[in-house]
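A.B. asks: Please read through the structure below; I'll follow up with questions.
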Amino acid sequence: MKRLAIVGIFSMLFLSLITGCNSSAGTSSSNDSDTIELRFFHRWPTEPKKQYFEKAVKEFEELHPNIKIKTEAVLNDSYKEKIRVVLGSKNPPDVYFSWSGEFAYNFVRAGQALDLTEYINSDKEWSGEIIESQFKPFTLDEKTYGIPWSTDGKAFFYNKKIFNDLNLEPPATWSELIEVSEKIKEAGITPITFGSKAPWTISHYIGSLNELIVPEDVIAKDYDPNNPEGDFSHPGYVKALEKFMELEPYFNKGVNSVDHQYARELFNGGKAAIGYFQLAEIGLIEPSLGEDLGVFNTPGIEGGEGNPNSITAAPEGIMISSKTKHPEEAMEFVKFLTSKEKGTEQLKEVSEYSAVKGTTTSENASPLQEEAIDLIVNADKTYLWFDTAVDIAIVDAYLNGTQQMLDGKKTPEEVMADVQAASQKVKK
Amino acid sequence: MLSRKVVPFLYIAPCLLLMGIFVYYPILENFRFSFYEFSAFSPDKVFVGFENFLTLFKDEVFYIALKNNIWYAVISIIFQVFGGLVLAAILEDPITRLASSFFRTVFFLPVVISITVIALLFSFIYNPDIGLLNSLLAILGLEEWTRAWLGQSETAIFAVIAVSQWQSIGYIMMLFIIAIQAIPKELYEAADIDGAGKIRKFIYVTVPQVKEMLFVASLITLTGAFTVFNEPYILTGGGPGNASEVLGTLLYNSAFFKDQMGYASAIATVILILTLLVSLVQMKLFKTGKDG
């Protein structure tokens, strides 16, 4: 009988342990002392950004001894997947990183993002420092849900040494880009480095080409998931894919089997003359190419109906969960991360352009970085990253289709038929 | 007296409880979820009945994935189970036994390396420009055979399957080595007296004696083939297009990329039913447990 009692007690313990887990999620653990714990979820588990955020958290904790910040981080693609799940859980992070556009709007529509409009309006001293236009991709129905932390754009980078050796000029139009690529190929060098194993890299090309070829108002209604008139039927979309395929003979071999990092290393190693990179990647290219690195905006396309002086450029930012118990403290932390002081450190230490005005100066940026940020500042119109600008089902149809197109299995028309079908489903 | 009957159950109670919570309850919940349409980050679930399953059976990608899983199963049975058995028999042969421990290590080594490391390693081997495989083919004068193994629809899934064979054959081989070592020596001696050659001894002594292990190995391999995820996910991500999609990656992409949680639950349910069917059929075929 004694044994039975012991076993009974153990089973009870097990039960209480398990039921205990359920009930504890509902009650807060913050009332046991004065310290408040904030959970911060971002997407930079690798150096140097990991260290940058660790340092920022430590500095913030020193300034606010009553706040403890617990950081969690996972990389890029996994982040896109994980953030959806943790936000849907009972215990979401208080402060989290987000891309702008559709990516952020999804959280807003699901009621997971805190409306920050009031905080922005009440502290103009801080919010006035941030580049005005960068708030827009975080704003839905005139309410702002995210604070832009960095801004970034996409441009062509080229190896000046290879260009000089072959007597070439950076191209200003698409046909010049093709001509230049042909000459580089004849010289036995890979003209354009590219890796589409992770197909978001294709989406950056498509986004930029659509902007150049399809009229602005058509894009606006097609990309909007709530506008049933948008159906991706404009012939410019097919033309954009055809233009993209014009580059295919000039890519390195087997693009579908290599990833973006490999493509970047080809460029870094001087094995390819041109690469399509994000401005934030300058910090990863400049150390190896140095003076030989040049930049030019995506060349305009003859007969394109879009704005040739547009650029794919979008802020990435920080949002606060609508379920947070400490919105004031969370906001305090976000303000700290997006302050002018932190923004100035940001470019130098992690080569991310801050969304705070006047943080890119000759003191903390290389001439090329200044030249690159000017592409964004001087552009008439900026577009979001294509894969965060439209609904994920449409992105999926686009990316699967273009991968097959690169593999010679689909034509641009067939890809667009799939996209139109996906768009119809989204907008039903 | 009562305690006699109850105590054994109490001993297994903690285990049953944990299994229930971490295995059976999630399976039931997943089954329930497959009748709903919902997103991971919103609390609303819409009941849609069998709609997820109907969409799934109309989805052409599902059939691509299923076909790839079947390829996985067929190739794995041939290479891992039969290949593993033959390897084990060769290594346990009196003639090769001296070098056996060396080869055992060689074949077993891939089993203990993390699959992520292996997948990254093979990304380099398959690299179209600088990869070992293409370089080797070029050296052998087979330049027209070189290709972007992971980047072409025709070869992607087979390149992925090949990696799994390389990794898992050592494990299956080890299982068979243990089984072969348990075979009484007298059986082989009797076969020697009857004048049986090596191949006959393999067919008439080794194979029937390791029948139970053959069942275990093919069960592991087949269920593994239908639940495979890591290798295709890391090596190709299911691409190009959907050419190397398997049910596992289809599930993952639906749930966490396209945010169709109910649809993903339906896929999970189908995978569960498929693996259950495979196991049931095998249990019947091998009549396991009824005779040794």
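Following the order of the structure tokens, first chain is A, next is B, and so on, with residues numbered from 1 inside each chain and ligands from 1 in the order they appear.
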With a cut-off of 10 Å and counting only C-alpha atoms, select all residues of chain B in contact with chain A and give the selection as an MDAnalysis selection string.
C.D. replies: chainID B and resid 2:4 6:7 10:11 13:14 17:18 21 39:44 123:124 126:129 147:154 156 235:243 252:260
A.B. asks: What's around range 271-276 of chain A at 6 Å? Count only C-alpha atoms, leave out sequence neighbours fewer than 6 positions away in its own chain, and write the answer as a ChimeraX atom specification.
C.D. replies: /A:155-159,190-193
A.B. asks: Could you turn the residues from that selection into a file that holds C-alpha atoms, as an mmCIF file, in the first residue's frame?
C.D. replies:
```cif
data_model
loop_
_atom_site.group_PDB
_atom_site.id
_atom_site.type_symbol
_atom_site.label_atom_id
_atom_site.label_comp_id
_atom_site.auth_asym_id
_atom_site.auth_seq_id
_atom_site.Cartn_x
_atom_site.Cartn_y
_atom_site.Cartn_z
ATOM 1 C CA ALA A 155 21.026 48.373 -56.828
ATOM 2 C CA PHE A 156 23.508 46.908 -59.266
ATOM 3 C CA PHE A 157 27.095 46.761 -58.051
ATOM 4 C CA TYR A 158 29.978 46.310 -60.445
ATOM 5 C CA ASN A 159 33.641 45.527 -60.370
ATOM 6 C CA THR A 190 30.803 35.600 -65.571
ATOM 7 C CA PRO A 191 28.886 38.817 -66.278
ATOM 8 C CA ILE A 192 26.178 38.695 -63.573
ATOM 9 C CA THR A 193 26.300 36.704 -60.382
#
```
A.B. asks: Counting only C-alpha atoms, which of B:Ile234, B:Ile70, B:Ala182, B:Leu16 gets nearest to Ala119 in chain B?
C.D. replies: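 Among the listed residues, B:Ile234 lies closest to Ala119 in chain B.
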A.B. asks: For a quick check of understanding, using only C-alpha atoms, which of A:Asp123, A:Glu316, A:Glu62, A:Glu281 has the smallest distance to Tyr96 in chain A?
C.D. replies: A:Glu316
A.B. asks: May I have the residues within 9 Å of Thr221 in chain B as a PyMOL selection string, using only C-alpha atoms and disregarding those fewer than 4 positions away in the same chain?
C.D. replies: chain B and resi 73+76-77+80-81+168+172+216-217+225-226
A.B. asks: Set the distance at 7 Å and use only C-alpha atoms: which residues neighbour Asn309 in chain A once local chain neighbours fewer than 5 positions away are removed? I'd like the list as a count of residues only.
C.D. replies: 3
A.B. asks: Can you pull out every residue within 10 Å of range 191-202 of chain B, counting only C-alpha atoms, but drop anything in the same chain fewer than 6 positions away, and send it as a PDB file with C-alpha atoms, in the first residue's frame?
C.D. replies:
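Generated file (selection-v9.pdb):
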```pdb
ATOM      1  CA  LEU B  85      21.991  -6.435 -45.934  1.00  0.00           C
ATOM      2  CA  VAL B  86      24.484  -7.322 -48.657  1.00  0.00           C
ATOM      3  CA  ALA B  89      26.874 -10.061 -45.116  1.00  0.00           C
ATOM      4  CA  ILE B  90      30.108  -9.144 -46.884  1.00  0.00           C
ATOM      5  CA  ASP B  93      32.146 -12.977 -44.024  1.00  0.00           C
ATOM      6  CA  PRO B 208      15.636 -16.202 -43.527  1.00  0.00           C
ATOM      7  CA  GLN B 209      17.489 -15.824 -40.233  1.00  0.00           C
TER       8      GLN B 209
END
```
A.B. asks: Take CA of Asn52 in chain B and CA of Gly230 in chain A and report the distance between them in Å, one decimal.
C.D. replies: 26.4 Å
A.B. asks: If you measure from CA of Ile113 in chain B to CA of Gly170 in chain B, what distance in Å do you get, rounded to one decimal?
C.D. replies: 11.8 Å
A.B. asks: Among range 46-283 of chain B, which residues carry a DSSP assignment of alpha helix (DSSP H), reported as a ChimeraX atom specification?
C.D. replies: /B:51-58,60-76,83-92,97-112,115-126,132-139,153-181,185-193,198-201,207-209,211-227,230-235,247-252,261-283
A.B. asks: Using only C-alpha atoms, pick whichever of A:Glu363, A:Glu291, A:Glu118, A:Glu132 has the shortest atom-to-atom distance to Thr344 in chain A.
C.D. replies: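 Of A:Glu363, A:Glu291, A:Glu118, A:Glu132, the one nearest Thr344 in chain A is A:Glu363, counting only C-alpha atoms.
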